[in-house]
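Next up, protein16.pdb (PDB, C-alpha atoms):
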ATOM      1  CA  MET A  57     125.994  82.757  32.907
ATOM      2  CA  LEU A  58     124.866  84.218  36.233
ATOM      3  CA  ASP A  59     126.237  81.363  38.326
ATOM      4  CA  GLY A  60     129.820  81.879  37.140
ATOM      5  CA  LEU A  61     132.246  84.533  38.375
ATOM      6  CA  GLN A  62     131.158  88.027  37.319
ATOM      7  CA  LEU A  63     134.494  89.744  38.073
ATOM      8  CA  ARG A  64     136.033  91.077  34.885
ATOM      9  CA  GLY A  65     139.371  92.885  34.683
ATOM     10  CA  HIS A  66     140.450  95.258  37.448
ATOM     11  CA  LYS A  67     137.336  97.347  38.111
ATOM     12  CA  PRO A  68     136.164  97.736  41.744
ATOM     13  CA  HIS A  69     134.189  94.617  42.539
ATOM     14  CA  VAL A  70     133.278  92.277  45.386
ATOM     15  CA  GLU A  71     131.687  88.855  44.836
ATOM     16  CA  SER A  72     130.844  85.921  47.073
ATOM     17  CA  TYR A  73     129.587  82.359  47.033
ATOM     18  CA  PHE A  74     128.285  81.027  50.340
ATOM     19  CA  VAL A  75     126.746  77.925  51.885
ATOM     20  CA  LYS A  76     124.767  77.627  55.104
ATOM     21  CA  ALA A  77     123.154  74.597  56.748
ATOM     22  CA  ASN A  78     121.394  73.761  60.022
ATOM     23  CA  ASP A  79     121.110  70.482  61.894
ATOM     24  CA  PRO A  80     117.558  69.184  62.526
ATOM     25  CA  THR A  81     117.701  69.904  66.276
ATOM     26  CA  GLY A  82     118.444  73.610  65.855
ATOM     27  CA  GLU A  83     121.584  73.339  68.010
ATOM     28  CA  ARG A  84     124.307  73.579  65.346
ATOM     29  CA  ALA A  85     124.942  75.255  61.997
ATOM     30  CA  ILE A  86     127.708  75.889  59.469
ATOM     31  CA  TRP A  87     128.454  78.835  57.177
ATOM     32  CA  LEU A  88     131.077  78.746  54.411
ATOM     33  CA  LYS A  89     132.081  81.410  51.938
ATOM     34  CA  THR A  90     134.544  82.252  49.163
ATOM     35  CA  THR A  91     135.059  85.851  48.017
ATOM     36  CA  ALA A  92     136.707  87.628  45.096
ATOM     37  CA  LEU A  93     137.685  91.260  45.754
ATOM     38  CA  CYS A  94     139.128  93.867  43.399
ATOM     39  CA  THR A  95     140.069  97.141  45.095
ATOM     40  CA  THR A  96     139.801 100.633  43.650
ATOM     41  CA  ASP A  97     143.579 100.434  43.119
ATOM     42  CA  GLY A  98     143.142  97.354  40.932
ATOM     43  CA  GLU A  99     144.568  94.845  43.415
ATOM     44  CA  ARG A 100     142.760  91.509  43.435
ATOM     45  CA  PHE A 101     142.388  89.089  46.330
ATOM     46  CA  ALA A 102     140.464  85.955  47.191
ATOM     47  CA  GLU A 103     139.164  84.921  50.602
ATOM     48  CA  ALA A 104     137.789  81.774  52.206
ATOM     49  CA  TRP A 105     135.629  81.746  55.338
ATOM     50  CA  ALA A 106     134.335  78.977  57.619
ATOM     51  CA  ILE A 107     132.224  79.643  60.731
ATOM     52  CA  ALA A 108     130.599  77.019  62.954
ATOM     53  CA  PHE A 109     127.691  77.786  65.272
ATOM     54  CA  ARG A 110     126.662  75.888  68.397
ATOM     55  CA  ARG A 111     123.872  77.163  70.607
ATOM     56  CA  ASP A 112     125.742  76.830  73.918
ATOM     57  CA  ARG A 113     129.002  78.340  72.602
ATOM     58  CA  ARG A 114     130.196  81.434  70.804
ATOM     59  CA  PRO A 115     130.685  81.015  67.034
ATOM     60  CA  SER A 116     134.045  79.568  66.004
ATOM     61  CA  GLY A 117     135.935  79.884  62.744
ATOM     62  CA  ALA A 118     138.416  81.764  60.605
ATOM     63  CA  ARG A 119     139.135  83.571  57.339
ATOM     64  CA  ALA A 120     142.085  83.251  54.943
ATOM     65  CA  ARG A 121     143.146  85.739  52.240
ATOM     66  CA  VAL A 122     145.388  84.958  49.250
ATOM     67  CA  PRO A 123     146.312  86.766  46.014
ATOM     68  CA  PHE A 124     143.595  86.267  43.405
ATOM     69  CA  ASP A 125     146.036  84.518  41.056
ATOM     70  CA  ASP A 126     146.605  81.850  43.726
ATOM     71  CA  ALA A 127     142.887  81.006  43.721
ATOM     72  CA  ALA A 128     140.554  79.616  41.053
ATOM     73  CA  PHE A 129     137.059  80.784  40.090
ATOM     74  CA  SER A 130     135.102  79.473  37.119
ATOM     75  CA  GLN A 131     133.280  81.945  34.871
ATOM     76  CA  ASP A 132     131.011  79.161  33.597
ATOM     77  CA  ASP A 133     129.649  77.607  36.782
ATOM     78  CA  ILE A 134     129.992  77.505  40.565
ATOM     79  CA  THR A 135     133.536  76.261  41.099
ATOM     80  CA  THR A 136     135.867  78.065  43.508
ATOM     81  CA  ARG A 137     139.165  77.071  45.153
ATOM     82  CA  VAL A 138     140.658  79.405  47.737
ATOM     83  CA  ALA A 139     143.288  78.710  50.428
ATOM     84  CA  GLY A 140     142.786  74.949  50.223
ATOM     85  CA  CYS A 141     138.985  75.228  50.384
ATOM     86  CA  GLU A 142     136.805  74.104  47.492
ATOM     87  CA  LEU A 143     133.195  75.144  46.969
ATOM     88  CA  THR A 144     131.027  73.999  44.050
ATOM     89  CA  ARG A 145     127.322  73.408  43.474
ATOM     90  CA  HIS A 146     127.896  69.770  44.445
ATOM     91  CA  HIS A 147     130.322  69.835  47.370
ATOM     92  CA  ALA A 148     132.300  71.893  49.872
ATOM     93  CA  LYS A 149     135.605  70.659  51.289
ATOM     94  CA  GLY A 150     138.463  72.211  53.243
ATOM     95  CA  ALA A 151     139.704  73.488  56.598
ATOM     96  CA  LEU A 152     140.461  76.907  58.079
ATOM     97  CA  GLY A 153     141.829  78.187  61.359
ATOM     98  CA  ALA A 154     143.916  76.668  64.121
ATOM     99  CA  GLY A 155     143.346  75.416  67.658
ATOM    100  CA  PRO A 156     139.841  76.062  69.009
ATOM    101  CA  GLN A 157     138.978  78.188  65.960
ATOM    102  CA  ARG A 158     139.681  75.418  63.450
ATOM    103  CA  VAL A 159     136.776  74.278  61.278
ATOM    104  CA  GLU A 160     137.049  71.303  58.908
ATOM    105  CA  PHE A 161     134.318  70.318  56.466
ATOM    106  CA  ASP A 162     133.616  67.717  53.799
ATOM    107  CA  LEU A 163     130.058  68.092  52.530
ATOM    108  CA  GLU A 164     127.917  67.044  49.569
ATOM    109  CA  LEU A 165     125.079  69.292  48.385
ATOM    110  CA  ALA A 166     121.864  68.231  46.667
ATOM    111  CA  ASN A 167     119.292  70.831  45.650
ATOM    112  CA  VAL A 168     115.537  70.184  45.589
ATOM    113  CA  ALA A 169     114.186  73.478  44.174
ATOM    114  CA  ALA A 170     114.618  75.706  41.141
ATOM    115  CA  PRO A 171     117.227  78.488  41.346
ATOM    116  CA  LEU A 172     116.111  81.873  42.638
ATOM    117  CA  TYR A 173     117.094  85.073  40.784
ATOM    118  CA  PRO A 174     115.161  87.877  42.539
ATOM    119  CA  LEU A 175     116.065  90.806  40.252
ATOM    120  CA  PRO A 176     114.720  91.318  36.733
ATOM    121  CA  THR A 177     117.049  89.493  34.350
ATOM    122  CA  ARG A 178     118.172  92.650  32.537
ATOM    123  CA  LEU A 179     119.412  94.246  35.770
ATOM    124  CA  TYR A 180     122.027  91.544  36.335
ATOM    125  CA  SER A 181     123.992  92.758  33.312
ATOM    126  CA  LEU A 182     123.696  96.477  34.131
ATOM    127  CA  PRO A 183     125.917  98.484  36.552
ATOM    128  CA  VAL A 184     122.907  99.766  38.503
ATOM    129  CA  SER A 185     122.927  97.835  41.760
ATOM    130  CA  SER A 186     125.421  97.876  44.626
ATOM    131  CA  SER A 187     124.785  94.166  45.202
ATOM    132  CA  LYS A 188     123.086  91.613  42.956
ATOM    133  CA  PRO A 189     121.741  88.548  44.788
ATOM    134  CA  THR A 190     121.039  85.063  43.467
ATOM    135  CA  SER A 191     120.366  81.702  45.102
ATOM    136  CA  PRO A 192     121.455  78.959  42.685
ATOM    137  CA  LEU A 193     120.636  76.294  45.324
ATOM    138  CA  PRO A 194     117.867  77.830  47.466
ATOM    139  CA  ASP A 195     116.711  74.605  49.147
ATOM    140  CA  ALA A 196     119.605  72.173  49.543
ATOM    141  CA  ARG A 197     120.227  69.034  51.583
ATOM    142  CA  LEU A 198     123.757  68.488  52.907
ATOM    143  CA  THR A 199     125.494  65.286  53.951
ATOM    144  CA  GLY A 200     129.024  64.583  55.135
ATOM    145  CA  ARG A 201     130.993  65.699  58.154
ATOM    146  CA  ILE A 202     132.148  68.796  60.014
ATOM    147  CA  ARG A 203     134.787  69.067  62.702
ATOM    148  CA  ALA A 204     134.369  72.081  64.997
ATOM    149  CA  TYR A 205     134.874  72.854  68.697
ATOM    150  CA  GLY A 206     137.064  69.715  68.747
ATOM    151  CA  GLU A 207     133.986  67.620  67.914
ATOM    152  CA  GLU A 208     133.049  65.506  64.925
ATOM    153  CA  TRP A 209     129.605  66.396  63.550
ATOM    154  CA  ARG A 210     127.804  63.970  61.301
ATOM    155  CA  VAL A 211     125.786  65.812  58.676
ATOM    156  CA  ASP A 212     122.859  63.776  57.377
ATOM    157  CA  GLY A 213     120.261  65.698  55.407
ATOM    158  CA  TRP A 214     120.834  69.105  57.031
ATOM    159  CA  ARG A 215     118.683  71.830  55.458
ATOM    160  CA  GLY A 216     120.677  74.536  53.734
ATOM    161  CA  MET A 217     121.293  76.658  50.646
ATOM    162  CA  LEU A 218     123.986  78.061  48.354
ATOM    163  CA  GLY A 219     123.925  81.736  47.421
ATOM    164  CA  HIS A 220     125.895  84.041  45.122
ATOM    165  CA  ASN A 221     126.077  87.844  45.034
ATOM    166  CA  TRP A 222     128.242  90.545  43.500
ATOM    167  CA  GLY A 223     128.506  94.265  42.926
ATOM    168  CA  LYS A 224     130.643  97.378  43.156
ATOM    169  CA  ALA A 225     130.441  97.306  46.956
ATOM    170  CA  HIS A 226     128.497  95.800  49.813
ATOM    171  CA  THR A 227     125.136  97.477  50.419
ATOM    172  CA  HIS A 228     125.620 100.322  52.911
ATOM    173  CA  SER A 229     123.311  98.671  55.448
ATOM    174  CA  TYR A 230     121.079  95.665  54.988
ATOM    175  CA  ALA A 231     119.268  92.717  56.485
ATOM    176  CA  TRP A 232     119.196  89.324  54.766
ATOM    177  CA  ALA A 233     117.336  86.296  56.038
ATOM    178  CA  GLN A 234     116.760  82.786  54.755
ATOM    179  CA  CYS A 235     115.059  79.738  56.202
ATOM    180  CA  ASN A 236     113.878  76.396  54.838
ATOM    181  CA  ALA A 237     113.681  74.558  58.209
ATOM    182  CA  TRP A 238     110.473  75.212  60.178
ATOM    183  CA  ASP A 239     109.041  73.419  63.193
ATOM    184  CA  GLU A 240     105.488  73.144  61.849
ATOM    185  CA  HIS A 241     105.974  72.632  58.117
ATOM    186  CA  ASP A 242     108.446  70.746  55.935
ATOM    187  CA  ASP A 243     107.910  72.535  52.625
ATOM    188  CA  VAL A 244     108.266  76.307  53.110
ATOM    189  CA  MET A 245     111.292  78.362  52.027
ATOM    190  CA  LEU A 246     111.722  82.072  52.800
ATOM    191  CA  GLU A 247     114.327  84.489  51.494
ATOM    192  CA  MET A 248     114.090  88.130  52.573
ATOM    193  CA  SER A 249     116.308  91.152  52.017
ATOM    194  CA  ILE A 250     116.046  94.802  53.029
ATOM    195  CA  GLY A 251     118.676  97.187  51.717
ATOM    196  CA  LYS A 252     119.567 100.812  52.393
ATOM    197  CA  ALA A 253     121.973 101.765  49.622
ATOM    198  CA  ARG A 254     123.714 105.083  49.004
ATOM    199  CA  ILE A 255     125.352 106.980  46.195
ATOM    200  CA  GLY A 256     128.196 108.661  48.050
ATOM    201  CA  PRO A 257     126.605 110.372  51.083
ATOM    202  CA  ILE A 258     123.139 110.401  49.484
ATOM    203  CA  PRO A 259     120.749 107.695  50.753
ATOM    204  CA  LEU A 260     118.562 105.924  48.203
ATOM    205  CA  PRO A 261     115.040 104.649  48.882
ATOM    206  CA  THR A 262     114.985 101.487  50.992
ATOM    207  CA  TRP A 263     114.246  98.346  48.979
ATOM    208  CA  ARG A 264     112.525  95.267  50.387
ATOM    209  CA  MET A 265     112.357  91.955  48.501
ATOM    210  CA  PHE A 266     110.663  88.771  49.713
ATOM    211  CA  ASN A 267     110.481  85.348  48.062
ATOM    212  CA  LEU A 268     108.651  82.284  49.370
ATOM    213  CA  ARG A 269     108.032  78.747  48.245
ATOM    214  CA  VAL A 270     105.039  77.076  49.843
ATOM    215  CA  ARG A 271     104.284  73.465  48.928
ATOM    216  CA  GLY A 272     106.385  73.857  45.789
ATOM    217  CA  VAL A 273     104.703  77.072  44.602
ATOM    218  CA  HIS A 274     106.868  80.188  44.226
ATOM    219  CA  TYR A 275     105.475  83.506  45.482
ATOM    220  CA  ASP A 276     107.573  86.442  44.294
ATOM    221  CA  LEU A 277     107.331  89.760  46.155
ATOM    222  CA  SER A 278     110.457  91.298  44.621
ATOM    223  CA  HIS A 279     109.076  93.071  41.543
ATOM    224  CA  PHE A 280     109.369  96.863  41.347
ATOM    225  CA  SER A 281     105.725  97.292  42.349
ATOM    226  CA  ASP A 282     106.228  94.972  45.342
ATOM    227  CA  VAL A 283     109.394  96.755  46.487
ATOM    228  CA  ARG A 284     107.385  99.985  46.738
ATOM    229  CA  ARG A 285     104.527  98.345  48.663
ATOM    230  CA  ASN A 286     106.479  96.054  50.966
ATOM    231  CA  HIS A 287     107.225  97.085  54.538
ATOM    232  CA  GLY A 288     110.127  96.179  56.803
ATOM    233  CA  ASP A 289     113.075  97.394  58.793
ATOM    234  CA  PHE A 290     115.892  96.098  60.999
ATOM    235  CA  ASP A 291     118.225  96.948  63.836
ATOM    236  CA  LEU A 292     121.480  95.336  64.979
ATOM    237  CA  ALA A 293     119.818  92.126  66.208
ATOM    238  CA  SER A 294     116.445  91.764  64.502
ATOM    239  CA  ALA A 295     114.382  92.324  61.375
ATOM    240  CA  TRP A 296     110.672  92.480  60.633
ATOM    241  CA  PHE A 297     108.738  92.662  57.366
ATOM    242  CA  GLN A 298     105.360  92.492  55.668
ATOM    243  CA  GLY A 299     104.283  92.170  52.050
ATOM    244  CA  SER A 300     101.308  91.128  49.967
ATOM    245  CA  ASN A 301      99.957  90.729  46.457
ATOM    246  CA  GLU A 302      96.807  89.232  45.002
ATOM    247  CA  LEU A 303      97.896  85.702  45.995
ATOM    248  CA  ILE A 304      99.674  85.968  49.335
ATOM    249  CA  THR A 305     100.193  88.063  52.442
ATOM    250  CA  VAL A 306     103.301  87.423  54.528
ATOM    251  CA  ARG A 307     104.496  88.848  57.844
ATOM    252  CA  GLY A 308     107.655  87.887  59.640
ATOM    253  CA  GLU A 309     110.094  88.747  62.366
ATOM    254  CA  LEU A 310     113.536  87.392  63.178
ATOM    255  CA  ARG A 311     115.862  87.850  66.124
ATOM    256  CA  ALA A 312     119.460  86.794  66.795
ATOM    257  CA  ASP A 313     121.150  86.259  70.160
ATOM    258  CA  VAL A 314     124.279  88.420  70.305
ATOM    259  CA  GLU A 315     126.190  85.569  72.000
ATOM    260  CA  GLN A 316     125.466  83.301  69.003
ATOM    261  CA  THR A 317     126.291  85.917  66.368
ATOM    262  CA  ALA A 318     129.602  86.108  64.519
ATOM    263  CA  GLY A 319     131.092  89.517  63.779
ATOM    264  CA  LEU A 320     132.682  89.549  60.311
ATOM    265  CA  HIS A 321     134.584  92.285  58.486
ATOM    266  CA  TYR A 322     133.554  92.593  54.831
ATOM    267  CA  GLU A 323     135.987  94.822  52.991
ATOM    268  CA  ASN A 324     134.726  97.113  50.233
ATOM    269  CA  PRO A 325     136.837  97.897  47.165
ATOM    270  CA  ASP A 326     137.595 101.366  48.586
ATOM    271  CA  GLY A 327     138.921  99.850  51.835
ATOM    272  CA  SER A 328     135.919 100.741  53.987
ATOM    273  CA  ILE A 329     134.388  98.010  56.129
ATOM    274  CA  CYS A 330     130.892  96.613  56.233
ATOM    275  CA  HIS A 331     130.350  94.882  59.587
ATOM    276  CA  CYS A 332     128.329  91.710  59.002
ATOM    277  CA  LEU A 333     126.526  90.448  62.120
ATOM    278  CA  ASN A 334     126.006  86.847  61.095
ATOM    279  CA  SER A 335     123.663  84.409  62.847
ATOM    280  CA  LYS A 336     122.633  80.965  61.645
ATOM    281  CA  LEU A 337     120.675  80.132  64.811
ATOM    282  CA  ALA A 338     118.202  82.993  64.731
ATOM    283  CA  THR A 339     114.599  82.608  65.829
ATOM    284  CA  ALA A 340     111.868  83.410  63.327
ATOM    285  CA  ARG A 341     108.101  83.643  63.247
ATOM    286  CA  LEU A 342     106.328  83.677  59.882
ATOM    287  CA  GLU A 343     102.639  84.264  59.141
ATOM    288  CA  ILE A 344     101.386  83.277  55.673
ATOM    289  CA  GLU A 345      97.925  83.904  54.267
ATOM    290  CA  LEU A 346      97.264  82.305  50.891
ATOM    291  CA  ARG A 347      94.151  83.301  49.022
ATOM    292  CA  GLY A 348      91.362  80.858  49.809
ATOM    293  CA  ARG A 349      93.302  78.963  52.493
ATOM    294  CA  ALA A 350      93.543  79.083  56.251
ATOM    295  CA  PRO A 351      96.464  81.176  57.596
ATOM    296  CA  MET A 352      99.724  79.429  58.502
ATOM    297  CA  VAL A 353     101.950  80.356  61.435
ATOM    298  CA  LEU A 354     105.481  78.956  61.395
ATOM    299  CA  ASN A 355     108.297  79.116  63.954
ATOM    300  CA  THR A 356     111.931  78.060  63.999
ATOM    301  CA  ARG A 357     115.295  78.419  65.738
ATOM    302  CA  ARG A 358     117.123  77.547  62.497
ATOM    303  CA  ALA A 359     116.943  80.791  60.526
ATOM    304  CA  ALA A 360     119.815  82.678  58.936
ATOM    305  CA  LEU A 361     119.876  86.385  59.771
ATOM    306  CA  GLU A 362     122.648  88.679  58.606
ATOM    307  CA  ILE A 363     122.750  92.386  59.416
ATOM    308  CA  GLY A 364     125.152  94.622  57.525
ATOM    309  CA  THR A 365     126.138  97.903  59.153
ATOM    310  CA  THR A 366     128.825 100.583  59.034
ATOM    311  CA  ASN A 367     128.435 101.091  62.798
ATOM    312  CA  PRO A 368     131.567  99.662  64.484
ATOM    313  CA  HIS A 369     129.933  99.826  67.939
ATOM    314  CA  HIS A 370     127.571  96.908  67.336
ATOM    315  CA  GLY A 371     128.611  94.858  70.381
ATOM    316  CA  VAL A 372     129.201  91.584  68.519
ATOM    317  CA  THR A 373     132.492  89.739  68.952
ATOM    318  CA  ARG A 374     134.561  89.709  65.766
ATOM    319  CA  ILE A 375     135.402  86.203  64.546
ATOM    320  CA  ALA A 376     136.966  86.939  61.162
TER
END

Full structure transcribed into structure tokens:
Amino acid sequence: MLDGLQLRGHKPHVESYFVKANDPTGERAIWLKTTALCTTDGERFAEAWAIAFRRDRRPSGARARVPFDDAAFSQDDITTRVAGCELTRHHAKGALGAGPQRVEFDLELANVAAPLYPLPTRLYSLPVSSSKPTSPLPDARLTGRIRAYGEEWRVDGWRGMLGHNWGKAHTHSYAWAQCNAWDEHDDVMLEMSIGKARIGPIPLPTWRMFNLRVRGVHYDLSHFSDVRRNHGDFDLASAWFQGSNELITVRGELRADVEQTAGLHYENPDGSICHCLNSKLATARLEIELRGRAPMVLNTRRAALEIGTTNPHHGVTRIA
């Protein structure tokens, strides 16, 4: 089952489950994550992450690492327990950090859309991709509470999602974006990824995958033919993309404020570091043209934008 833990034995592997959610005002957001890591030496660890975002402050949060045997991951479904933090498809509960970096959370998740598995089904079982993405809960609603910055946040219907990915290593450099909270429309979900993978020092062709749901209809621009036709690129603070097929044309751009971006160290099995520049308060503009309908232009300040880079001189403050 794709939603369960894919780590088997002691082969190099990194795997994560993560949750993100935004408040309706666009002023606050939360990002939670649990990770299973097996190094090239066969050592296995588990990590838990919690980062809070507030527009007038720098991100706040922490990471904890424990031996893998002290954590719990289900191979049948989404159930993880790491360092006192629990994450399942139905709830997230725990606390990390101390003092001003402490983040506490107790949240219930309810999904309103079908799962999203962007790759062809056969590829998920083959060792051919550096990172295999899925979104078991691509359009979730969260309720509960968060305590961050010394404040109590009431969470009542925040828009969010739960994702899952795994592979032999993090993609060498990438951009990933997701948004289901737009100012002008209540029923549009975007997930976008651009990856620049390598085999050793040899760069592979850039891949670009886009998925949208508009008024409950799924538009998939992640097939092999789409990946060749799609356009897009990114830098350390922004991403832009364009794709089309016989049903839809989509153009988008996203930008993150460096002061509202969390610098995270993602360790690869070989010990190298992927620097994740993580924003959950990014701005986004999306243009959608559906065949036979008037164009739509959407804007938000509640987009998720993550940039992965091996460049340590990215200028973003490291949080965890």

Please enumerate the residues selected by the PyMOL selection byres ((chain A and resi 172-177) around 6) when evaluated against the supplied file, formatted as an MDAnalysis selection string.
chainID A and resid 171 178:180 190:191

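Distance annotation: of A:Ile375, A:Met57, A:Ile363, A:Ala106, the residue with the minimal separation from A:Asp291 is A:Ile363; atom set is only C-alpha atoms.
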
So the first atom is atom CA of A:Ala237 and the second is atom CA of A:Glu71; what is the distance between them in Å, to one decimal place?
26.6 Å

If the PyMOL selection byres ((chain A and resi 306) around 8) is run on the structure shown, which residues does it catch, given as a PyMOL selection string?
chain A and resi 298-300+304-305+307-308+342-345

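Taking atom CA of A:Ala92 as the reference point, atom CA of A:Phe129 is found at 8.5 Å.
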
Spatial neighbours of A:Pro259, 12 Å, only C-alpha atoms, chain gap at least 4 places, as a VMD selection string
chain A and resid 227 to 229 251 to 255 263

Check which residues satisfy the PyMOL selection byres ((chain A and resi 318-320) around 9) in the file shown, then give them as number ranges by chain.
A: 107, 109, 114-116, 314-317, 321-322, 330-335, 370-376

Quick one: write out the picked residues with C-alpha atoms as a short mmCIF file (atom, residue, chain, number, x, y, z; two decimals), keeping the file's coordinate frame?
data_model
loop_
_atom_site.label_atom_id
_atom_site.label_comp_id
_atom_site.auth_asym_id
_atom_site.auth_seq_id
_atom_site.Cartn_x
_atom_site.Cartn_y
_atom_site.Cartn_z
CA ILE A 107 132.22 79.64 60.73
CA PHE A 109 127.69 77.79 65.27
CA ARG A 114 130.20 81.43 70.80
CA PRO A 115 130.68 81.02 67.03
CA SER A 116 134.04 79.57 66.00
CA VAL A 314 124.28 88.42 70.31
CA GLU A 315 126.19 85.57 72.00
CA GLN A 316 125.47 83.30 69.00
CA THR A 317 126.29 85.92 66.37
CA HIS A 321 134.58 92.28 58.49
CA TYR A 322 133.55 92.59 54.83
CA CYS A 330 130.89 96.61 56.23
CA HIS A 331 130.35 94.88 59.59
CA CYS A 332 128.33 91.71 59.00
CA LEU A 333 126.53 90.45 62.12
CA ASN A 334 126.01 86.85 61.10
CA SER A 335 123.66 84.41 62.85
CA HIS A 370 127.57 96.91 67.34
CA GLY A 371 128.61 94.86 70.38
CA VAL A 372 129.20 91.58 68.52
CA THR A 373 132.49 89.74 68.95
CA ARG A 374 134.56 89.71 65.77
CA ILE A 375 135.40 86.20 64.55
CA ALA A 376 136.97 86.94 61.16
#
